[in-house]
Amino acid sequence: MILPIDLLLLLFLLIVGTAALLVRDLLAAIVLAGAYSFIMANVWLQLGATDVAFTEAAVGAGASTALFMACLSRVPRWEKE
Amino acid sequence: MTPERRVYKRDVIIDVTAKLMFPLTLLFGLYVMIGTGGTGGGFQGGTILATAFILYITVFGTKTGREKMPESTNTFFSSFGLFLYNGAGWLAVLFTFGAAQWLNMSAFWPVADYVGTAGARSFLVSYMVSVGIGLTVMASFVSQYFDLAWKEEDEMEEGGEG
């Protein structure tokens, strides 16, 4: 565990998570959720759980982003005001 | 709120990248399933295999993707993976005539005579159990993606932003 990298990753997590909540464009929200998953995989790696990091990168950033995209093709892209 | 209409042209960069990455991603998924010693395993490798198919379907459309991964092949893989996993469990029972329990890999004598019990266990777990889990996970993910992304003919005319 390297403390500065940990703090930087947690800061990124906060920024990306807040942005995914606040953004109006749902496509951008999905991409931000994928970025959140990748940073979370790095956090797992920092904690020494390589298996969990692997699963997070494959499922969270790869598969679930693709499934969200497929859902988005059926709903309007912009959130209602 | 009007959905924006945009005509999507086929882009050569996206086509070539998807075609290049498809076999490499499949190879990497296989490596994660059976190659690595500690990390990785059936679920992770299967998800990576599914991601390769999802990339192909996203780029070339559901019709072309169905030709690559037909419904029958999907069903075959999802049941064949379960068959492999279950078969690896029952092999241990069969080869010891019921003395060992289900999935007790160290009792698998044809391989254990050559590489030892621990070797036989890791051999069977990585080559049969992991591959079985991976195939089932891949087929399930691809099937889910098809269910979500597939659009019927009348739906296409109606519009939306597919």
# chains A, B, ... in the order shown; residues from 1 in each chain; ligands from 1
>>> interface_residues(of="chain A", to="chain B", cutoff="7 Å", atoms="only C-alpha atoms", output="short mmCIF file (atom, residue, chain, number, x, y, z; two decimals) with all heavy atoms, in the first residue's frame")
data_model
loop_
_atom_site.label_atom_id
_atom_site.label_comp_id
_atom_site.auth_asym_id
_atom_site.auth_seq_id
_atom_site.Cartn_x
_atom_site.Cartn_y
_atom_site.Cartn_z
N THR A 50 -6.13 -9.13 -5.82
CA THR A 50 -5.98 -9.14 -7.28
C THR A 50 -7.18 -9.77 -7.97
O THR A 50 -7.58 -9.32 -9.04
CB THR A 50 -4.71 -9.90 -7.66
OG1 THR A 50 -3.72 -9.67 -6.66
CG2 THR A 50 -4.19 -9.44 -8.97
N ASP A 51 -7.73 -10.80 -7.36
CA ASP A 51 -8.88 -11.48 -7.96
C ASP A 51 -10.08 -10.55 -8.07
O ASP A 51 -10.75 -10.48 -9.10
CB ASP A 51 -9.27 -12.68 -7.10
CG ASP A 51 -8.85 -13.98 -7.75
OD1 ASP A 51 -8.36 -13.92 -8.88
OD2 ASP A 51 -9.02 -15.03 -7.12
N PHE A 54 -9.52 -8.01 -10.72
CA PHE A 54 -9.73 -8.59 -12.05
C PHE A 54 -11.22 -8.64 -12.39
O PHE A 54 -11.67 -8.24 -13.46
CB PHE A 54 -9.16 -10.00 -12.06
CG PHE A 54 -8.43 -10.33 -13.31
CD1 PHE A 54 -7.09 -10.63 -13.28
CD2 PHE A 54 -9.10 -10.30 -14.52
CE1 PHE A 54 -6.41 -10.92 -14.43
CE2 PHE A 54 -8.42 -10.59 -15.67
CZ PHE A 54 -7.07 -10.90 -15.62
N THR A 55 -12.02 -9.13 -11.42
CA THR A 55 -13.45 -9.24 -11.66
C THR A 55 -14.07 -7.86 -11.85
O THR A 55 -14.93 -7.66 -12.70
CB THR A 55 -14.12 -9.96 -10.50
OG1 THR A 55 -13.34 -11.08 -10.16
CG2 THR A 55 -15.50 -10.41 -10.86
N ALA A 58 -13.25 -6.62 -15.33
CA ALA A 58 -13.92 -7.34 -16.41
C ALA A 58 -15.43 -7.11 -16.38
O ALA A 58 -16.03 -6.81 -17.41
CB ALA A 58 -13.62 -8.83 -16.30
N VAL A 59 -16.03 -7.22 -15.20
CA VAL A 59 -17.49 -7.11 -15.12
C VAL A 59 -17.92 -5.65 -15.04
O VAL A 59 -18.75 -5.18 -15.82
CB VAL A 59 -18.01 -7.90 -13.90
CG1 VAL A 59 -19.49 -7.73 -13.78
CG2 VAL A 59 -17.66 -9.34 -14.04
N GLY A 62 -16.21 -3.60 -18.14
CA GLY A 62 -16.45 -4.16 -19.46
C GLY A 62 -17.90 -4.51 -19.70
O GLY A 62 -18.60 -3.88 -20.49
N ALA A 63 -18.36 -5.53 -18.99
CA ALA A 63 -19.66 -6.11 -19.33
C ALA A 63 -20.82 -5.22 -18.93
O ALA A 63 -21.74 -5.00 -19.72
CB ALA A 63 -19.80 -7.48 -18.67
N LEU A 67 -23.82 -3.56 -21.17
CA LEU A 67 -25.24 -3.83 -20.94
C LEU A 67 -26.02 -2.53 -20.74
O LEU A 67 -27.14 -2.37 -21.22
CB LEU A 67 -25.41 -4.75 -19.73
CG LEU A 67 -24.95 -6.18 -19.93
CD1 LEU A 67 -25.14 -6.97 -18.67
CD2 LEU A 67 -25.69 -6.84 -21.06
N ALA A 70 -26.62 -1.03 -24.07
CA ALA A 70 -27.72 -1.68 -24.76
C ALA A 70 -29.05 -1.19 -24.22
O ALA A 70 -30.01 -0.99 -24.98
CB ALA A 70 -27.61 -3.19 -24.60
N CYS A 71 -29.13 -0.94 -22.90
CA CYS A 71 -30.36 -0.39 -22.33
C CYS A 71 -30.60 1.02 -22.86
O CYS A 71 -31.74 1.41 -23.14
CB CYS A 71 -30.26 -0.32 -20.81
SG CYS A 71 -30.45 -1.87 -20.01
N SER A 73 -30.00 2.24 -25.68
CA SER A 73 -30.52 2.29 -27.04
C SER A 73 -32.05 2.23 -27.05
O SER A 73 -32.67 2.44 -28.08
CB SER A 73 -29.94 1.15 -27.87
OG SER A 73 -30.51 -0.07 -27.45
N ARG A 74 -32.67 1.93 -25.91
CA ARG A 74 -34.14 1.85 -25.85
C ARG A 74 -34.78 3.01 -25.12
O ARG A 74 -35.99 3.17 -25.16
CB ARG A 74 -34.55 0.55 -25.15
CG ARG A 74 -34.16 -0.67 -25.90
CD ARG A 74 -34.76 -1.90 -25.34
NE ARG A 74 -34.61 -3.00 -26.26
CZ ARG A 74 -35.50 -3.28 -27.20
NH1 ARG A 74 -36.59 -2.57 -27.32
NH2 ARG A 74 -35.30 -4.29 -28.00
#
>>> residues_around(residues="stretch 118-132 of chain B", least_positions_apart="2", cutoff="7 Å", atoms="only C-alpha atoms", output="ChimeraX atom specification")
/B:33-34,41-42,81-82,84-85,88,105-106,108,111-112,115-116,134-136
>>> write_last_selection(atoms="N, CA, C and O atoms", output="short mmCIF file (atom, residue, chain, number, x, y, z; two decimals), in the first residue's frame")
data_model
loop_
_atom_site.label_atom_id
_atom_site.label_comp_id
_atom_site.auth_asym_id
_atom_site.auth_seq_id
_atom_site.Cartn_x
_atom_site.Cartn_y
_atom_site.Cartn_z
N MET B 33 -8.48 -17.86 -18.23
CA MET B 33 -9.17 -19.04 -17.72
C MET B 33 -8.20 -20.14 -17.32
O MET B 33 -8.30 -20.69 -16.23
N ILE B 34 -7.25 -20.49 -18.20
CA ILE B 34 -6.44 -21.68 -17.93
C ILE B 34 -4.97 -21.38 -17.77
O ILE B 34 -4.21 -22.25 -17.34
N GLY B 41 -9.66 -16.96 -13.41
CA GLY B 41 -10.48 -18.15 -13.21
C GLY B 41 -11.61 -18.17 -14.21
O GLY B 41 -11.60 -17.40 -15.18
N GLY B 42 -12.55 -19.04 -13.97
CA GLY B 42 -13.60 -19.24 -14.94
C GLY B 42 -14.46 -18.02 -15.18
O GLY B 42 -14.71 -17.65 -16.31
N GLY B 81 -20.95 -25.95 -20.89
CA GLY B 81 -20.13 -25.53 -19.77
C GLY B 81 -20.59 -26.19 -18.48
O GLY B 81 -19.78 -26.70 -17.69
N LEU B 82 -21.89 -26.22 -18.26
CA LEU B 82 -22.44 -26.91 -17.09
C LEU B 82 -22.10 -28.38 -17.12
O LEU B 82 -21.76 -28.99 -16.11
N LEU B 84 -19.48 -29.78 -18.56
CA LEU B 84 -18.06 -29.96 -18.23
C LEU B 84 -17.84 -29.90 -16.72
O LEU B 84 -17.14 -30.74 -16.15
N TYR B 85 -18.46 -28.90 -16.08
CA TYR B 85 -18.28 -28.72 -14.64
C TYR B 85 -18.82 -29.93 -13.88
O TYR B 85 -18.14 -30.51 -13.04
N ALA B 88 -16.67 -33.05 -14.52
CA ALA B 88 -15.44 -33.09 -13.74
C ALA B 88 -15.72 -33.55 -12.32
O ALA B 88 -14.91 -34.25 -11.70
N MET B 105 -11.07 -33.77 -6.46
CA MET B 105 -10.16 -33.92 -7.60
C MET B 105 -8.92 -34.73 -7.27
O MET B 105 -8.33 -35.34 -8.15
N SER B 106 -8.51 -34.76 -6.01
CA SER B 106 -7.26 -35.46 -5.70
C SER B 106 -7.42 -36.98 -5.85
O SER B 106 -6.44 -37.70 -5.87
N PHE B 108 -8.52 -38.40 -8.47
CA PHE B 108 -8.61 -38.68 -9.90
C PHE B 108 -7.35 -39.40 -10.34
O PHE B 108 -6.37 -38.80 -10.75
N VAL B 111 -4.72 -39.21 -13.83
CA VAL B 111 -3.80 -38.09 -13.92
C VAL B 111 -2.90 -38.04 -12.70
O VAL B 111 -1.72 -37.70 -12.77
N ALA B 112 -3.45 -38.42 -11.54
CA ALA B 112 -2.69 -38.32 -10.29
C ALA B 112 -1.49 -39.23 -10.28
O ALA B 112 -0.48 -38.94 -9.63
N VAL B 115 1.22 -36.89 -12.18
CA VAL B 115 1.64 -35.57 -11.69
C VAL B 115 1.37 -35.39 -10.21
O VAL B 115 1.58 -34.30 -9.68
N GLY B 116 0.94 -36.41 -9.51
CA GLY B 116 0.67 -36.25 -8.08
C GLY B 116 -0.73 -35.72 -7.85
O GLY B 116 -1.38 -35.22 -8.77
N GLY B 134 -16.37 -20.82 -17.54
CA GLY B 134 -16.16 -19.73 -18.48
C GLY B 134 -17.11 -19.80 -19.66
O GLY B 134 -17.68 -18.78 -20.06
N LEU B 135 -17.32 -20.99 -20.21
CA LEU B 135 -18.21 -21.11 -21.37
C LEU B 135 -19.64 -20.73 -20.99
O LEU B 135 -20.33 -20.02 -21.73
N THR B 136 -20.09 -21.19 -19.80
CA THR B 136 -21.45 -20.86 -19.39
C THR B 136 -21.62 -19.36 -19.17
O THR B 136 -22.62 -18.76 -19.60
#
>>> atom_distance(atom1="atom CA of A:Leu14", atom2="atom CA of A:Pro76")
27.0 Å
>>> atom_distance(atom1="atom CA of A:Leu32", atom2="atom CA of A:Ala66")
12.9 Å
>>> decode(residues="stretch 10-120 of chain B", atoms="C-alpha atoms", output="PDB file, in the first residue's frame")
ATOM      1  CA  ARG B  10     -19.336   2.821 -41.405  1.00  0.00           C
ATOM      2  CA  ASP B  11     -15.908   3.859 -40.206  1.00  0.00           C
ATOM      3  CA  VAL B  12     -12.933   1.841 -41.392  1.00  0.00           C
ATOM      4  CA  ILE B  13     -10.968   2.471 -38.204  1.00  0.00           C
ATOM      5  CA  ILE B  14     -13.711   1.055 -35.989  1.00  0.00           C
ATOM      6  CA  ASP B  15     -14.256  -1.928 -38.298  1.00  0.00           C
ATOM      7  CA  VAL B  16     -10.582  -2.871 -38.499  1.00  0.00           C
ATOM      8  CA  THR B  17     -10.015  -2.331 -34.767  1.00  0.00           C
ATOM      9  CA  ALA B  18     -12.951  -4.543 -33.852  1.00  0.00           C
ATOM     10  CA  LYS B  19     -11.847  -7.255 -36.269  1.00  0.00           C
ATOM     11  CA  LEU B  20      -8.284  -7.121 -34.922  1.00  0.00           C
ATOM     12  CA  MET B  21      -9.247  -7.072 -31.258  1.00  0.00           C
ATOM     13  CA  PHE B  22     -11.812  -9.874 -31.498  1.00  0.00           C
ATOM     14  CA  PRO B  23      -9.405 -12.883 -31.709  1.00  0.00           C
ATOM     15  CA  LEU B  24      -6.882 -11.257 -29.375  1.00  0.00           C
ATOM     16  CA  THR B  25      -9.537 -10.722 -26.714  1.00  0.00           C
ATOM     17  CA  LEU B  26     -10.680 -14.330 -27.084  1.00  0.00           C
ATOM     18  CA  LEU B  27      -7.073 -15.490 -26.650  1.00  0.00           C
ATOM     19  CA  PHE B  28      -6.651 -13.316 -23.561  1.00  0.00           C
ATOM     20  CA  GLY B  29      -9.846 -14.696 -22.081  1.00  0.00           C
ATOM     21  CA  LEU B  30      -8.563 -18.224 -22.624  1.00  0.00           C
ATOM     22  CA  TYR B  31      -5.279 -17.234 -20.971  1.00  0.00           C
ATOM     23  CA  VAL B  32      -7.102 -15.854 -17.947  1.00  0.00           C
ATOM     24  CA  MET B  33      -9.171 -19.039 -17.715  1.00  0.00           C
ATOM     25  CA  ILE B  34      -6.441 -21.681 -17.928  1.00  0.00           C
ATOM     26  CA  GLY B  35      -3.084 -19.955 -18.128  1.00  0.00           C
ATOM     27  CA  THR B  36      -2.453 -17.996 -14.961  1.00  0.00           C
ATOM     28  CA  GLY B  37      -1.406 -19.755 -11.810  1.00  0.00           C
ATOM     29  CA  GLY B  38      -3.136 -17.791  -9.081  1.00  0.00           C
ATOM     30  CA  THR B  39      -5.369 -14.978 -10.218  1.00  0.00           C
ATOM     31  CA  GLY B  40      -8.118 -15.280 -12.751  1.00  0.00           C
ATOM     32  CA  GLY B  41     -10.485 -18.147 -13.211  1.00  0.00           C
ATOM     33  CA  GLY B  42     -13.602 -19.243 -14.937  1.00  0.00           C
ATOM     34  CA  PHE B  43     -15.840 -16.275 -14.248  1.00  0.00           C
ATOM     35  CA  GLN B  44     -13.298 -13.600 -15.143  1.00  0.00           C
ATOM     36  CA  GLY B  45     -12.159 -15.405 -18.286  1.00  0.00           C
ATOM     37  CA  GLY B  46     -15.724 -16.030 -19.375  1.00  0.00           C
ATOM     38  CA  THR B  47     -16.556 -12.365 -18.931  1.00  0.00           C
ATOM     39  CA  ILE B  48     -13.585 -11.405 -21.100  1.00  0.00           C
ATOM     40  CA  LEU B  49     -14.708 -13.909 -23.766  1.00  0.00           C
ATOM     41  CA  ALA B  50     -18.186 -12.375 -23.634  1.00  0.00           C
ATOM     42  CA  THR B  51     -16.721  -8.879 -23.940  1.00  0.00           C
ATOM     43  CA  ALA B  52     -15.083  -9.888 -27.230  1.00  0.00           C
ATOM     44  CA  PHE B  53     -18.464 -10.955 -28.637  1.00  0.00           C
ATOM     45  CA  ILE B  54     -20.161  -7.851 -27.230  1.00  0.00           C
ATOM     46  CA  LEU B  55     -17.573  -5.658 -28.970  1.00  0.00           C
ATOM     47  CA  TYR B  56     -18.206  -7.458 -32.259  1.00  0.00           C
ATOM     48  CA  ILE B  57     -21.994  -7.170 -31.899  1.00  0.00           C
ATOM     49  CA  THR B  58     -21.807  -3.491 -30.972  1.00  0.00           C
ATOM     50  CA  VAL B  59     -19.675  -2.628 -33.978  1.00  0.00           C
ATOM     51  CA  PHE B  60     -21.280  -4.774 -36.692  1.00  0.00           C
ATOM     52  CA  GLY B  61     -24.879  -4.816 -35.488  1.00  0.00           C
ATOM     53  CA  THR B  62     -27.106  -7.505 -34.039  1.00  0.00           C
ATOM     54  CA  LYS B  63     -27.852  -9.176 -37.383  1.00  0.00           C
ATOM     55  CA  THR B  64     -24.194  -9.787 -38.246  1.00  0.00           C
ATOM     56  CA  GLY B  65     -23.496 -10.645 -34.628  1.00  0.00           C
ATOM     57  CA  ARG B  66     -26.169 -13.327 -34.724  1.00  0.00           C
ATOM     58  CA  GLU B  67     -24.365 -14.935 -37.651  1.00  0.00           C
ATOM     59  CA  LYS B  68     -21.179 -14.996 -35.561  1.00  0.00           C
ATOM     60  CA  MET B  69     -22.937 -16.335 -32.468  1.00  0.00           C
ATOM     61  CA  PRO B  70     -26.208 -18.080 -33.452  1.00  0.00           C
ATOM     62  CA  GLU B  71     -28.882 -18.933 -30.924  1.00  0.00           C
ATOM     63  CA  SER B  72     -28.135 -22.661 -31.194  1.00  0.00           C
ATOM     64  CA  THR B  73     -24.421 -22.162 -30.516  1.00  0.00           C
ATOM     65  CA  ASN B  74     -25.259 -19.970 -27.545  1.00  0.00           C
ATOM     66  CA  THR B  75     -27.532 -22.612 -26.041  1.00  0.00           C
ATOM     67  CA  PHE B  76     -24.952 -25.309 -26.760  1.00  0.00           C
ATOM     68  CA  PHE B  77     -22.190 -23.401 -24.958  1.00  0.00           C
ATOM     69  CA  SER B  78     -24.305 -22.547 -21.932  1.00  0.00           C
ATOM     70  CA  SER B  79     -25.259 -26.182 -21.393  1.00  0.00           C
ATOM     71  CA  PHE B  80     -21.876 -27.607 -22.442  1.00  0.00           C
ATOM     72  CA  GLY B  81     -20.133 -25.529 -19.765  1.00  0.00           C
ATOM     73  CA  LEU B  82     -22.443 -26.906 -17.088  1.00  0.00           C
ATOM     74  CA  PHE B  83     -21.843 -30.397 -18.504  1.00  0.00           C
ATOM     75  CA  LEU B  84     -18.065 -29.960 -18.230  1.00  0.00           C
ATOM     76  CA  TYR B  85     -18.277 -28.716 -14.640  1.00  0.00           C
ATOM     77  CA  ASN B  86     -20.648 -31.457 -13.568  1.00  0.00           C
ATOM     78  CA  GLY B  87     -18.666 -34.067 -15.492  1.00  0.00           C
ATOM     79  CA  ALA B  88     -15.440 -33.086 -13.738  1.00  0.00           C
ATOM     80  CA  GLY B  89     -17.246 -33.625 -10.465  1.00  0.00           C
ATOM     81  CA  TRP B  90     -18.653 -36.995 -11.424  1.00  0.00           C
ATOM     82  CA  LEU B  91     -15.339 -38.256 -12.874  1.00  0.00           C
ATOM     83  CA  ALA B  92     -13.864 -38.273  -9.370  1.00  0.00           C
ATOM     84  CA  VAL B  93     -16.766 -40.423  -8.171  1.00  0.00           C
ATOM     85  CA  LEU B  94     -16.623 -42.763 -11.170  1.00  0.00           C
ATOM     86  CA  PHE B  95     -12.879 -43.409 -11.161  1.00  0.00           C
ATOM     87  CA  THR B  96     -12.847 -44.358  -7.480  1.00  0.00           C
ATOM     88  CA  PHE B  97     -16.060 -46.412  -7.722  1.00  0.00           C
ATOM     89  CA  GLY B  98     -17.906 -44.152  -5.328  1.00  0.00           C
ATOM     90  CA  ALA B  99     -15.190 -43.980  -2.654  1.00  0.00           C
ATOM     91  CA  ALA B 100     -14.487 -40.277  -3.194  1.00  0.00           C
ATOM     92  CA  GLN B 101     -16.947 -37.435  -3.000  1.00  0.00           C
ATOM     93  CA  TRP B 102     -18.235 -35.307  -5.833  1.00  0.00           C
ATOM     94  CA  LEU B 103     -15.559 -32.906  -7.178  1.00  0.00           C
ATOM     95  CA  ASN B 104     -12.861 -34.507  -5.001  1.00  0.00           C
ATOM     96  CA  MET B 105     -10.159 -33.918  -7.596  1.00  0.00           C
ATOM     97  CA  SER B 106      -7.260 -35.462  -5.701  1.00  0.00           C
ATOM     98  CA  ALA B 107      -8.902 -38.899  -6.129  1.00  0.00           C
ATOM     99  CA  PHE B 108      -8.614 -38.676  -9.899  1.00  0.00           C
ATOM    100  CA  TRP B 109      -6.071 -41.456 -10.353  1.00  0.00           C
ATOM    101  CA  PRO B 110      -5.343 -41.530 -14.131  1.00  0.00           C
ATOM    102  CA  VAL B 111      -3.795 -38.086 -13.921  1.00  0.00           C
ATOM    103  CA  ALA B 112      -2.692 -38.317 -10.291  1.00  0.00           C
ATOM    104  CA  ASP B 113      -0.374 -41.234 -11.090  1.00  0.00           C
ATOM    105  CA  TYR B 114       1.629 -38.981 -13.373  1.00  0.00           C
ATOM    106  CA  VAL B 115       1.637 -35.574 -11.693  1.00  0.00           C
ATOM    107  CA  GLY B 116       0.669 -36.253  -8.080  1.00  0.00           C
ATOM    108  CA  THR B 117      -2.580 -35.461  -6.337  1.00  0.00           C
ATOM    109  CA  ALA B 118      -2.055 -31.702  -6.144  1.00  0.00           C
ATOM    110  CA  GLY B 119      -1.059 -31.654  -9.796  1.00  0.00           C
ATOM    111  CA  ALA B 120      -4.114 -33.661 -10.781  1.00  0.00           C
TER     112      ALA B 120
END
